[in-house]
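For reference, start.tsv is printed below; it contains TSV, C-alpha atoms and all ligand atoms.
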chain	number	residue	atom	x	y	z
A	26	MET	CA	-12.15	7.06	2.52
A	27	ASN	CA	-11.61	8.01	-1.11
A	28	ASP	CA	-13.86	10.39	-3.01
A	29	ILE	CA	-16.31	7.82	-4.26
A	30	GLY	CA	-16.89	6.99	-0.65
A	31	THR	CA	-15.47	3.53	-0.18
A	32	GLN	CA	-14.42	3.53	3.42
A	33	GLN	CA	-12.69	1.17	5.75
A	34	ALA	CA	-14.83	1.94	8.84
A	35	HIS	CA	-17.42	-0.71	9.62
A	36	GLN	CA	-20.41	1.42	10.30
A	37	PRO	CA	-23.70	-0.36	9.63
A	38	VAL	CA	-26.44	1.21	7.57
A	39	SER	CA	-29.04	2.87	9.75
A	40	ARG	CA	-32.17	0.72	9.63
A	41	ASP	CA	-34.38	2.77	11.94
A	42	THR	CA	-34.59	6.26	10.50
A	43	GLY	CA	-37.73	5.68	8.46
A	44	GLU	CA	-35.68	6.73	5.42
A	45	PRO	CA	-35.19	4.21	2.62
A	46	ASP	CA	-32.08	2.56	4.02
A	47	ALA	CA	-30.75	0.54	1.13
A	48	PRO	CA	-29.89	1.49	-2.42
A	49	ASP	CA	-31.41	-0.39	-5.32
A	50	LEU	CA	-28.58	-2.89	-5.63
A	51	VAL	CA	-30.09	-4.51	-8.73
A	52	ALA	CA	-29.79	-1.15	-10.50
A	53	CYS	CA	-26.23	-0.80	-9.20
A	54	VAL	CA	-25.32	-4.25	-10.56
A	55	ARG	CA	-26.91	-3.34	-13.89
A	56	ALA	CA	-24.58	-0.32	-14.02
A	57	ALA	CA	-21.60	-2.57	-13.13
A	58	THR	CA	-22.31	-4.80	-16.13
A	59	THR	CA	-21.66	-1.88	-18.49
A	60	ALA	CA	-17.95	-2.14	-17.59
A	61	PRO	CA	-15.46	-2.96	-20.36
A	62	SER	CA	-14.15	-6.52	-20.62
A	63	LEU	CA	-11.73	-8.43	-22.82
A	64	HIS	CA	-13.59	-9.20	-26.11
A	65	ASN	CA	-16.78	-8.19	-24.25
A	66	SER	CA	-16.58	-11.53	-22.45
A	67	GLN	CA	-18.37	-10.14	-19.36
A	68	PRO	CA	-16.64	-12.65	-17.06
A	69	TRP	CA	-18.55	-11.74	-13.91
A	70	ARG	CA	-21.37	-12.84	-11.66
A	71	PHE	CA	-23.01	-11.04	-8.73
A	72	ARG	CA	-24.81	-12.18	-5.61
A	73	ILE	CA	-26.99	-9.54	-3.96
A	74	THR	CA	-27.97	-9.66	-0.31
A	75	PRO	CA	-29.82	-6.76	1.35
A	76	PHE	CA	-26.67	-4.79	2.17
A	77	GLU	CA	-23.89	-6.44	0.18
A	78	VAL	CA	-22.93	-7.45	-3.32
A	79	ASP	CA	-20.48	-10.31	-3.85
A	80	VAL	CA	-18.69	-10.08	-7.19
A	81	TYR	CA	-17.43	-13.36	-8.65
A	82	ALA	CA	-15.11	-14.07	-11.54
A	83	ASP	CA	-16.68	-16.45	-14.06
A	84	PRO	CA	-13.76	-18.65	-15.14
A	85	ARG	CA	-15.88	-20.26	-17.88
A	86	ARG	CA	-15.58	-16.93	-19.71
A	87	ARG	CA	-11.81	-16.70	-19.56
A	88	LEU	CA	-10.05	-16.51	-22.95
A	89	ASP	CA	-7.73	-19.52	-22.73
A	90	VAL	CA	-5.40	-18.48	-25.56
A	91	LEU	CA	-5.05	-14.76	-24.89
A	92	ASP	CA	-5.37	-14.84	-21.15
A	93	PRO	CA	-4.21	-18.17	-19.73
A	94	THR	CA	-3.46	-16.74	-16.27
A	95	GLY	CA	-6.79	-14.89	-16.01
A	96	ARG	CA	-5.04	-11.53	-15.65
A	97	GLU	CA	-7.30	-9.74	-18.12
A	98	LEU	CA	-10.32	-11.54	-16.72
A	99	LEU	CA	-9.58	-9.99	-13.32
A	100	ILE	CA	-8.92	-6.57	-14.89
A	101	SER	CA	-12.40	-6.85	-16.44
A	102	VAL	CA	-13.95	-7.87	-13.11
A	103	GLY	CA	-12.08	-5.01	-11.41
A	104	ALA	CA	-13.65	-2.56	-13.87
A	105	ALA	CA	-17.08	-3.92	-12.89
A	106	VAL	CA	-16.23	-3.64	-9.17
A	107	PHE	CA	-15.28	0.02	-9.58
A	108	THR	CA	-18.51	0.72	-11.47
A	109	LEU	CA	-20.53	-1.01	-8.76
A	110	ARG	CA	-18.90	1.09	-6.02
A	111	LEU	CA	-19.56	4.21	-8.06
A	112	ALA	CA	-23.21	3.29	-8.65
A	113	ILE	CA	-23.74	2.73	-4.91
A	114	ARG	CA	-22.20	6.14	-4.30
A	115	GLY	CA	-24.54	7.60	-6.91
A	116	ALA	CA	-27.48	6.07	-5.06
A	117	GLY	CA	-26.37	8.11	-2.04
A	118	TYR	CA	-24.46	5.55	0.06
A	119	LEU	CA	-20.93	4.92	1.17
A	120	SER	CA	-19.56	1.43	0.73
A	121	ASP	CA	-16.83	-0.86	2.02
A	122	LEU	CA	-14.67	-2.94	-0.31
A	123	LYS	CA	-12.96	-6.21	0.56
A	124	LEU	CA	-10.98	-7.98	-2.14
A	125	PHE	CA	-10.83	-11.79	-2.00
A	126	PRO	CA	-12.73	-11.87	1.30
A	127	ASP	CA	-12.87	-15.67	1.57
A	128	ALA	CA	-9.72	-17.74	1.01
A	129	THR	CA	-11.86	-20.84	0.39
A	130	GLU	CA	-13.61	-19.16	-2.55
A	131	PRO	CA	-10.93	-18.01	-5.03
A	132	ASP	CA	-13.53	-16.85	-7.56
A	133	LEU	CA	-15.10	-14.49	-5.02
A	134	VAL	CA	-13.21	-11.39	-6.10
A	135	ALA	CA	-14.86	-8.66	-4.07
A	136	ARG	CA	-17.45	-8.01	-1.41
A	137	VAL	CA	-18.94	-4.53	-1.59
A	138	SER	CA	-20.93	-3.66	1.55
A	139	VAL	CA	-23.33	-0.74	1.77
A	140	ARG	CA	-22.64	1.63	4.64
A	141	ARG	CA	-24.34	4.81	5.74
A	142	PRO	CA	-26.14	7.28	3.45
A	143	MET	CA	-24.14	10.22	2.15
A	144	ALA	CA	-24.85	12.44	-0.84
A	145	PRO	CA	-22.37	11.95	-3.70
A	146	THR	CA	-19.74	14.61	-4.32
A	147	PRO	CA	-19.90	16.56	-7.61
A	148	ALA	CA	-16.80	14.64	-8.79
A	149	ALA	CA	-18.51	11.30	-8.15
A	150	GLU	CA	-21.66	12.56	-9.87
A	151	ALA	CA	-19.64	13.50	-12.96
A	152	LEU	CA	-18.17	9.98	-13.15
A	153	ILE	CA	-21.60	8.41	-12.59
A	154	ALA	CA	-23.05	10.48	-15.44
A	155	ALA	CA	-20.27	9.17	-17.69
A	156	ILE	CA	-21.08	5.46	-17.13
A	157	PRO	CA	-23.62	5.03	-19.99
A	158	HIS	CA	-21.51	7.11	-22.39
A	159	ARG	CA	-18.23	5.21	-22.07
A	160	HIS	CA	-17.61	2.99	-25.10
A	161	THR	CA	-14.45	1.63	-26.67
A	162	ASN	CA	-13.75	3.78	-29.73
A	163	ARG	CA	-11.92	2.16	-32.67
A	164	TRP	CA	-12.39	5.09	-35.06
A	165	PRO	CA	-9.79	7.67	-36.11
A	166	PHE	CA	-9.21	10.43	-33.59
A	167	ALA	CA	-8.59	14.11	-34.32
A	168	ARG	CA	-5.01	15.27	-34.73
A	169	SER	CA	-5.41	17.69	-31.82
A	170	VAL	CA	-3.26	17.23	-28.74
A	171	VAL	CA	-4.74	16.02	-25.46
A	172	PRO	CA	-4.12	18.97	-23.10
A	173	ALA	CA	-1.71	18.52	-20.21
A	174	ASP	CA	-4.37	19.15	-17.57
A	175	ALA	CA	-6.56	16.40	-19.04
A	176	VAL	CA	-3.58	14.02	-19.01
A	177	GLU	CA	-2.97	14.96	-15.37
A	178	ARG	CA	-6.61	14.24	-14.47
A	179	LEU	CA	-6.35	10.79	-16.06
A	180	ALA	CA	-3.12	10.08	-14.18
A	181	ASP	CA	-4.79	11.22	-10.97
A	182	ALA	CA	-7.73	8.87	-11.63
A	183	ALA	CA	-5.30	5.93	-11.90
A	184	ARG	CA	-3.44	7.01	-8.75
A	185	ARG	CA	-6.63	7.11	-6.73
A	186	GLU	CA	-7.11	3.41	-7.42
A	187	GLY	CA	-3.51	2.52	-6.66
A	188	ALA	CA	-2.13	2.38	-10.23
A	189	VAL	CA	0.18	4.52	-12.34
A	190	LEU	CA	-0.73	5.94	-15.74
A	191	THR	CA	2.25	7.09	-17.79
A	192	VAL	CA	1.86	9.11	-20.97
A	193	ALA	CA	4.40	8.11	-23.60
A	194	ASN	CA	6.76	10.73	-24.99
A	195	PRO	CA	7.33	10.67	-28.78
A	196	VAL	CA	10.24	8.23	-28.51
A	197	SER	CA	8.52	5.79	-26.17
A	198	ARG	CA	5.25	6.17	-28.12
A	199	ASN	CA	6.92	4.96	-31.29
A	200	ALA	CA	8.57	2.12	-29.39
A	201	ILE	CA	5.25	1.06	-27.79
A	202	LEU	CA	3.45	1.22	-31.14
A	203	GLY	CA	6.19	-0.86	-32.73
A	204	LEU	CA	6.04	-3.46	-29.96
A	205	SER	CA	2.25	-3.52	-30.20
A	206	GLN	CA	2.41	-4.17	-33.93
A	207	GLU	CA	4.92	-6.94	-33.33
A	208	ALA	CA	2.66	-8.49	-30.67
A	209	ASP	CA	-0.37	-8.18	-32.94
A	210	ARG	CA	1.46	-9.97	-35.77
A	211	ALA	CA	2.62	-12.73	-33.42
A	212	LEU	CA	-0.90	-13.27	-32.12
A	213	ARG	CA	-2.53	-13.21	-35.56
A	214	ALA	CA	-0.11	-15.86	-36.77
A	215	LYS	CA	-1.51	-18.33	-34.22
A	216	GLY	CA	-4.41	-20.47	-35.40
A	217	ARG	CA	-5.66	-20.75	-31.82
A	218	TYR	CA	-5.78	-16.96	-31.50
A	219	ARG	CA	-7.83	-16.69	-34.66
A	220	ALA	CA	-10.15	-19.45	-33.53
A	221	GLU	CA	-10.72	-17.69	-30.21
A	222	LEU	CA	-11.26	-14.37	-31.98
A	223	ALA	CA	-13.81	-16.09	-34.23
A	224	ARG	CA	-15.72	-17.37	-31.18
A	225	TRP	CA	-16.05	-13.84	-29.78
A	226	THR	CA	-16.87	-12.08	-33.04
A	227	SER	CA	-19.15	-14.48	-34.91
A	228	PRO	CA	-22.53	-12.79	-35.04
A	229	HIS	CA	-25.58	-14.87	-34.28
A	230	ALA	CA	-29.14	-13.96	-33.53
A	231	GLY	CA	-29.71	-12.71	-30.01
A	232	ARG	CA	-26.03	-12.68	-29.11
A	233	ARG	CA	-25.46	-10.50	-26.01
A	234	ASP	CA	-21.68	-10.78	-25.67
A	235	GLY	CA	-18.61	-10.56	-27.92
A	236	VAL	CA	-17.65	-7.68	-30.20
A	237	PRO	CA	-20.38	-6.83	-32.74
A	238	VAL	CA	-19.70	-5.56	-36.25
A	239	THR	CA	-20.90	-2.07	-35.26
A	240	ALA	CA	-18.00	-1.74	-32.78
A	241	ILE	CA	-15.17	-2.88	-35.08
A	242	GLY	CA	-14.39	0.47	-36.68
A	243	PRO	CA	-12.85	1.12	-40.08
A	244	TRP	CA	-9.76	-0.49	-41.52
A	245	ASP	CA	-6.58	1.48	-40.84
A	246	ALA	CA	-5.52	2.18	-44.43
A	247	LEU	CA	-1.88	2.80	-43.50
A	248	GLU	CA	-1.80	0.03	-40.86
A	249	MET	CA	-0.13	2.43	-38.45
A	250	LEU	CA	-2.15	1.82	-35.32
A	251	PRO	CA	-2.20	-1.56	-33.60
A	252	ILE	CA	-5.92	-1.44	-32.85
A	253	ARG	CA	-7.08	-5.04	-32.53
A	254	ASP	CA	-8.76	-6.07	-35.76
A	255	PHE	CA	-12.02	-7.67	-34.71
A	256	GLY	CA	-12.98	-7.87	-38.40
A	257	LEU	CA	-9.97	-10.06	-39.22
A	258	LEU	CA	-12.08	-13.14	-39.80
A	259	GLN	CA	-14.99	-11.43	-41.50
A	260	PRO	CA	-13.61	-10.55	-44.95
A	261	GLN	CA	-17.18	-10.28	-46.22
A	262	LEU	CA	-17.58	-7.08	-44.19
A	263	ASP	CA	-17.53	-4.02	-46.34
A	264	ARG	CA	-15.39	-1.93	-44.02
A	265	PRO	CA	-14.39	1.56	-45.04
A	266	ALA	CA	-10.69	2.38	-45.04
A	267	ALA	CA	-9.73	5.40	-42.96
A	268	GLN	CA	-6.65	7.34	-42.11
A	269	PHE	CA	-5.93	7.34	-38.39
A	270	GLU	CA	-4.14	10.08	-36.48
A	271	PRO	CA	-0.39	9.93	-37.15
A	272	TYR	CA	0.70	10.85	-33.61
A	273	PRO	CA	-1.69	9.14	-31.21
A	274	THR	CA	-1.59	9.84	-27.48
A	275	ILE	CA	-0.54	6.57	-25.89
A	276	MET	CA	-0.56	5.77	-22.18
A	277	VAL	CA	0.48	2.75	-20.17
A	278	LEU	CA	-1.37	1.71	-17.02
A	279	SER	CA	0.91	-0.08	-14.54
A	280	THR	CA	0.74	-1.45	-11.02
A	281	ASP	CA	3.50	-1.94	-8.46
A	282	GLY	CA	3.04	-5.72	-8.36
A	283	ASP	CA	1.55	-8.49	-10.44
A	284	THR	CA	-0.72	-10.52	-8.16
A	285	ARG	CA	-4.44	-11.22	-8.60
A	286	ARG	CA	-5.13	-8.32	-6.25
A	287	HIS	CA	-3.04	-6.01	-8.45
A	288	TRP	CA	-4.99	-7.16	-11.51
A	289	VAL	CA	-8.32	-6.30	-9.86
A	290	ASN	CA	-6.95	-2.91	-8.83
A	291	ALA	CA	-5.68	-2.35	-12.37
A	292	GLY	CA	-9.25	-2.95	-13.57
A	293	GLN	CA	-10.65	-0.49	-11.04
A	294	ALA	CA	-8.07	2.08	-12.11
A	295	LEU	CA	-8.76	1.37	-15.79
A	296	GLN	CA	-12.47	2.06	-15.39
A	297	ARG	CA	-11.83	5.18	-13.33
A	298	VAL	CA	-9.49	6.46	-16.06
A	299	LEU	CA	-11.96	5.58	-18.85
A	300	LEU	CA	-14.88	7.27	-17.09
A	301	THR	CA	-12.77	10.34	-16.32
A	302	ALA	CA	-11.81	10.46	-20.00
A	303	THR	CA	-15.47	10.17	-21.03
A	304	TRP	CA	-16.35	13.02	-18.69
A	305	LEU	CA	-13.59	15.09	-20.39
A	306	ASN	CA	-15.09	14.25	-23.82
A	307	LEU	CA	-12.07	12.10	-24.63
A	308	ALA	CA	-12.38	8.87	-26.59
A	309	THR	CA	-10.39	5.78	-25.56
A	310	THR	CA	-9.19	2.47	-27.01
A	311	PRO	CA	-7.62	-0.20	-24.82
A	312	ILE	CA	-4.75	-1.91	-26.66
A	313	SER	CA	-3.77	-5.13	-24.96
A	314	GLN	CA	-1.84	-7.16	-27.55
A	315	PRO	CA	1.54	-5.92	-26.19
A	316	VAL	CA	0.69	-7.19	-22.70
A	317	GLU	CA	-0.58	-10.52	-24.05
A	318	VAL	CA	2.81	-11.63	-25.36
A	319	PRO	CA	4.92	-12.23	-22.23
A	320	GLY	CA	8.27	-11.24	-23.80
A	321	ILE	CA	6.83	-7.95	-25.04
A	322	ARG	CA	5.01	-7.27	-21.77
A	323	ARG	CA	8.37	-7.60	-20.00
A	324	LEU	CA	9.79	-4.87	-22.23
A	325	LEU	CA	6.97	-2.53	-21.17
A	326	SER	CA	7.44	-3.39	-17.50
A	327	ASP	CA	10.24	-2.93	-15.03
A	328	GLY	CA	9.73	-5.65	-12.45
A	329	GLY	CA	12.91	-4.68	-10.61
A	330	ALA	CA	11.52	-1.19	-10.10
A	331	GLY	CA	8.09	-2.58	-9.18
A	332	LYS	CA	6.30	-1.54	-12.36
A	333	TRP	CA	4.12	-4.03	-14.20
A	334	ALA	CA	2.41	-2.92	-17.40
A	335	GLN	CA	-1.25	-3.99	-17.30
A	336	ILE	CA	-2.76	-2.33	-20.37
A	337	VAL	CA	-2.01	0.28	-23.02
A	338	LEU	CA	-4.50	3.02	-23.85
A	339	ARG	CA	-4.98	5.26	-26.86
A	340	VAL	CA	-6.69	8.53	-25.92
A	341	GLY	CA	-7.94	11.39	-28.08
A	342	TYR	CA	-10.88	13.28	-29.48
A	343	GLY	CA	-13.13	11.22	-31.71
A	344	ARG	CA	-16.61	10.86	-33.05
A	345	PRO	CA	-18.91	9.15	-30.53
A	346	ALA	CA	-18.72	5.36	-30.56
A	347	THR	CA	-21.74	3.12	-30.12
A	348	GLY	CA	-22.39	0.71	-27.28
A	349	THR	CA	-22.05	-3.07	-27.26
A	350	PRO	CA	-24.61	-5.53	-25.90
A	351	ARG	CA	-24.67	-6.93	-22.38
A	352	ARG	CA	-26.10	-10.20	-21.14
A	353	PRO	CA	-29.42	-9.95	-19.29
A	354	LEU	CA	-29.17	-9.57	-15.52
A	355	ALA	CA	-30.78	-12.96	-15.00
A	356	GLU	CA	-27.66	-14.55	-16.49
A	357	VAL	CA	-25.23	-12.79	-14.16
A	358	LEU	CA	-27.17	-12.76	-10.91
A	359	VAL	CA	-26.54	-15.67	-8.54
A	360	PRO	CA	-29.65	-16.31	-6.46
A	361	ASP	CA	-29.00	-15.50	-2.79
A	362	GLY	CA	-28.72	-18.67	-0.74
A	363	SER	CA	-27.69	-20.84	-3.69
A	364	GLU	CA	-24.40	-22.71	-3.85
A	365	GLN	CA	-21.31	-20.89	-5.00
A	366	PRO	CA	-21.67	-20.20	-8.76
A	401	LIG	C1	-8.67	-6.17	-20.11
A	401	LIG	C2	-9.23	-5.55	-21.39
A	401	LIG	C3	-8.52	-5.67	-22.57
A	401	LIG	C4	-9.02	-5.09	-23.74
A	401	LIG	N1	-8.26	-5.14	-24.88
A	401	LIG	C5	-8.70	-4.54	-26.00
A	401	LIG	C6	-7.90	-4.53	-27.18
A	401	LIG	O1	-6.78	-5.03	-27.19
A	401	LIG	N2	-8.39	-3.92	-28.27
A	401	LIG	C7	-9.63	-3.32	-28.29
A	401	LIG	O2	-10.01	-2.77	-29.31
A	401	LIG	N3	-10.42	-3.33	-27.18
A	401	LIG	C8	-9.98	-3.91	-26.05
A	401	LIG	N4	-10.74	-3.89	-24.91
A	401	LIG	C9	-12.08	-3.30	-24.97
A	401	LIG	C10	-13.16	-4.39	-25.07
A	401	LIG	O3	-13.12	-5.02	-26.32
A	401	LIG	C11	-14.51	-3.72	-24.80
A	401	LIG	O4	-14.53	-3.26	-23.48
A	401	LIG	C12	-15.69	-4.66	-25.01
A	401	LIG	O5	-15.79	-5.07	-26.33
A	401	LIG	C13	-17.00	-3.97	-24.60
A	401	LIG	O6	-17.19	-2.78	-25.35
A	401	LIG	P1	-17.29	-1.36	-24.66
A	401	LIG	O7	-15.96	-1.08	-24.03
A	401	LIG	O8	-17.59	-0.43	-25.78
A	401	LIG	O9	-18.38	-1.40	-23.62
A	401	LIG	C14	-10.27	-4.43	-23.73
A	401	LIG	C15	-10.97	-4.32	-22.53
A	401	LIG	C16	-10.46	-4.86	-21.36
A	401	LIG	C17	-11.21	-4.69	-20.06

Write out the structure in this file as C-alpha cells.
Amino acid sequence: MNDIGTQQAHQPVSRDTGEPDAPDLVACVRAATTAPSLHNSQPWRFRITPFEVDVYADPRRRLDVLDPTGRELLISVGAAVFTLRLAIRGAGYLSDLKLFPDATEPDLVARVSVRRPMAPTPAAEALIAAIPHRHTNRWPFARSVVPADAVERLADAARREGAVLTVANPVSRNAILGLSQEADRALRAKGRYRAELARWTSPHAGRRDGVPVTAIGPWDALEMLPIRDFGLLQPQLDRPAAQFEPYPTIMVLSTDGDTRRHWVNAGQALQRVLLTATWLNLATTPISQPVEVPGIRRLLSDGGAGKWAQIVLRVGYGRPATGTPRRPLAEVLVPDGSEQP
C-alpha cells in the first residue's frame, strides 16, 4: 500500500457497522476533473457504481495533430486517476487500482474500487488541500533557486508513482530549452498545428474546455522560454510583454517503458509532482512541445537504458495563477448500467 492508501488487498468495505460506508464518489469525481490535461481537453469519462469508479479515456477529445498515438491523452487521464484516488483517501477510505481491467474495453483505463475506511495521513491531507490550488502558471517566475530539499520531494513524488523526475543541470537545461524552442518552431510552422490550437483556444460563450485568455500569460519579450503560446492566433489580444527568469529550473519526467500503462502512470506521477509542488508553494508549467516531435523526444530519452521522456516541467516561485474552466459533471458521468461510452 502506498501512502495515499491504494492497496492491492481485496478487502471489501464494511457494510454493517452503521457507519456511513461509502465516500461521496460524485464529489471525488468532481475533484478528479480538476486534473491538468493537454490544451484543457479533459479527455475523460467516469462511471460510478456504489463502490467503484471506472475511468474511461474519451478518444473524441484526442488532439489528432499533436497527439496521434494518444500518449498525452492517457497522461491526462492518469492525472485524473491519481486525483480520484487522492480524493477517495481524503474522504477517509482506502482504494484499489486496476489499470486496463478489461481487455475487451481498451478505453476503460482504470477501475478504482473503494476499500475499508481509514483516516488520511497528514501527507495525503496536504496533497488533498493542494488540489483546488494547482493551476498551470505561464507567468514569469522569481529568479530564486528552488531549494534542493524541495527538488528531492518532487523527485520522491514521481518515484512513488513509478516514474523518474530528473532536474536538469545548467548544461542539460540549456540543451533542453534549445530543443524545446526547436520543437515549438517546428510545430508552429504546421498549418494543422495552428488549426488545432485555434480549436482549443477560440473563446465562445459558455465554453468549459480549452485554454482561456486569462490563462495564457504575458508574451516573453526575449523569447527565451519555450512556454507554449496559446495566444499565437489571437493577435488582437493586448498581451503585456514580460521578462522571464533567465535560468529556469527545468525537470524531465520519464518512465522506464513507453506503453499505454506507462503513459497512465506518467500522468499519475505528473499530478503527484504538481500537487506536491503546489503544497510547497511552487508554481509549475508543463512544457510538452519537445516530446511532441518524435525526433526531439528521442534525444530526451534513452530507450536503450529504459528511460522515456514523457513531459518537461518548469518549476519556480511565481505569482498565483488563475484556474481554467471544467465541463459540468453531467457531461463526464456515464450513467451506471448504460452501454460503454
Ligand atoms: C499531457 C499534458 C501536456 C501539457 N502541455 C502543456 C504545454 O506544452 N504547455 C503549457 O503551457 N501547458 C501544458 N499543459 C497544461 C494544460 O494546458 C493545462 O493543464 C490545462 O490548460 C488546464 O489548466 P490547469 O492546469 O491550470 O488546470 C499540459 C498538460 C498536460 C496534462

Give me, as a ChimeraX atom specification, the set of residues whose atoms come within 8 Å of any atom of ligand LIG 401 (chain A), counting all atoms listed in the file.
/A:59-66,96-101,104,159-163,235-236,240-241,252-255,292,295,310-314,336,346-350

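The neighbours of Arg322 of chain A here are the residues that come within 10 Å of it, using all atoms listed in the file and leaving out any residue fewer than 3 positions away in the same chain; they are Leu204, Ser205, Ala208, Ser313, Gln314, Pro315, Val316, Glu317, Val318, Pro319, Leu325, Ser326, Asp327, Trp333, Ala334, Gln335 and Ile336 of chain A.
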
Residues as selected, C-alpha atoms, written as a PDB file, in the coordinates of the input, can you do that?
ATOM      1  CA  LEU A 204       6.040  -3.460 -29.960  1.00  0.00           C
ATOM      2  CA  SER A 205       2.250  -3.520 -30.200  1.00  0.00           C
ATOM      3  CA  ALA A 208       2.660  -8.490 -30.670  1.00  0.00           C
ATOM      4  CA  SER A 313      -3.770  -5.130 -24.960  1.00  0.00           C
ATOM      5  CA  GLN A 314      -1.840  -7.160 -27.550  1.00  0.00           C
ATOM      6  CA  PRO A 315       1.540  -5.920 -26.190  1.00  0.00           C
ATOM      7  CA  VAL A 316       0.690  -7.190 -22.700  1.00  0.00           C
ATOM      8  CA  GLU A 317      -0.580 -10.520 -24.050  1.00  0.00           C
ATOM      9  CA  VAL A 318       2.810 -11.630 -25.360  1.00  0.00           C
ATOM     10  CA  PRO A 319       4.920 -12.230 -22.230  1.00  0.00           C
ATOM     11  CA  LEU A 325       6.970  -2.530 -21.170  1.00  0.00           C
ATOM     12  CA  SER A 326       7.440  -3.390 -17.500  1.00  0.00           C
ATOM     13  CA  ASP A 327      10.240  -2.930 -15.030  1.00  0.00           C
ATOM     14  CA  TRP A 333       4.120  -4.030 -14.200  1.00  0.00           C
ATOM     15  CA  ALA A 334       2.410  -2.920 -17.400  1.00  0.00           C
ATOM     16  CA  GLN A 335      -1.250  -3.990 -17.300  1.00  0.00           C
ATOM     17  CA  ILE A 336      -2.760  -2.330 -20.370  1.00  0.00           C
TER      18      ILE A 336
END

Shortest interatomic distance to Val298 of chain A - which of A:Asp83, A:Asp174, A:Glu186, A:Asp127, counting only C-alpha atoms:
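Ranking A:Asp83, A:Asp174, A:Glu186, A:Asp127 by distance to Val298 of chain A, first place goes to A:Glu186.
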
d(atom CA of Val176 of chain A, atom CA of Thr274 of chain A) in Å
9.7 Å

A:Gly320, A:Pro126, A:Pro165, A:Gly115 ranked by distance to Leu152 of chain A, top pick (using all atoms listed in the file):
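The answer is A:Gly115, which sits nearest to Leu152 of chain A.
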
Measuring between only C-alpha atoms, which one of A:Ala246, A:Leu305, A:Ile156, A:Ala144 shows the shortest distance to Thr58 of chain A?
A:Ile156

Would you please work out which residue, of A:Pro75, A:Gly256, A:Pro251, A:Pro345, is nearest to Gly203 of chain A when using all atoms listed in the file?
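For Gly203 of chain A, the nearest of the given residues is A:Pro251.
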
Which of these, A:Thr74, A:Asn306, A:Ser197, A:Gln293, has the shortest distance to Pro273 of chain A once you count all atoms listed in the file?
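Selected residue with least distance to Pro273 of chain A: A:Ser197.
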
Nearest residue to Ala302 of chain A out of A:Val189, A:Val340, A:Ala230, A:Leu212, using all atoms listed in the file?
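For Ala302 of chain A, the nearest of the given residues is A:Val340.
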
Separation of atom CA of Ala148 of chain A and atom CA of Ala57 of chain A, in Å?
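Going from atom CA of Ala148 of chain A over to atom CA of Ala57 of chain A, I get 18.4 Å.
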
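With atom CA of Leu278 of chain A on one side and atom CA of Leu202 of chain A on the other, the separation reads 14.9 Å.
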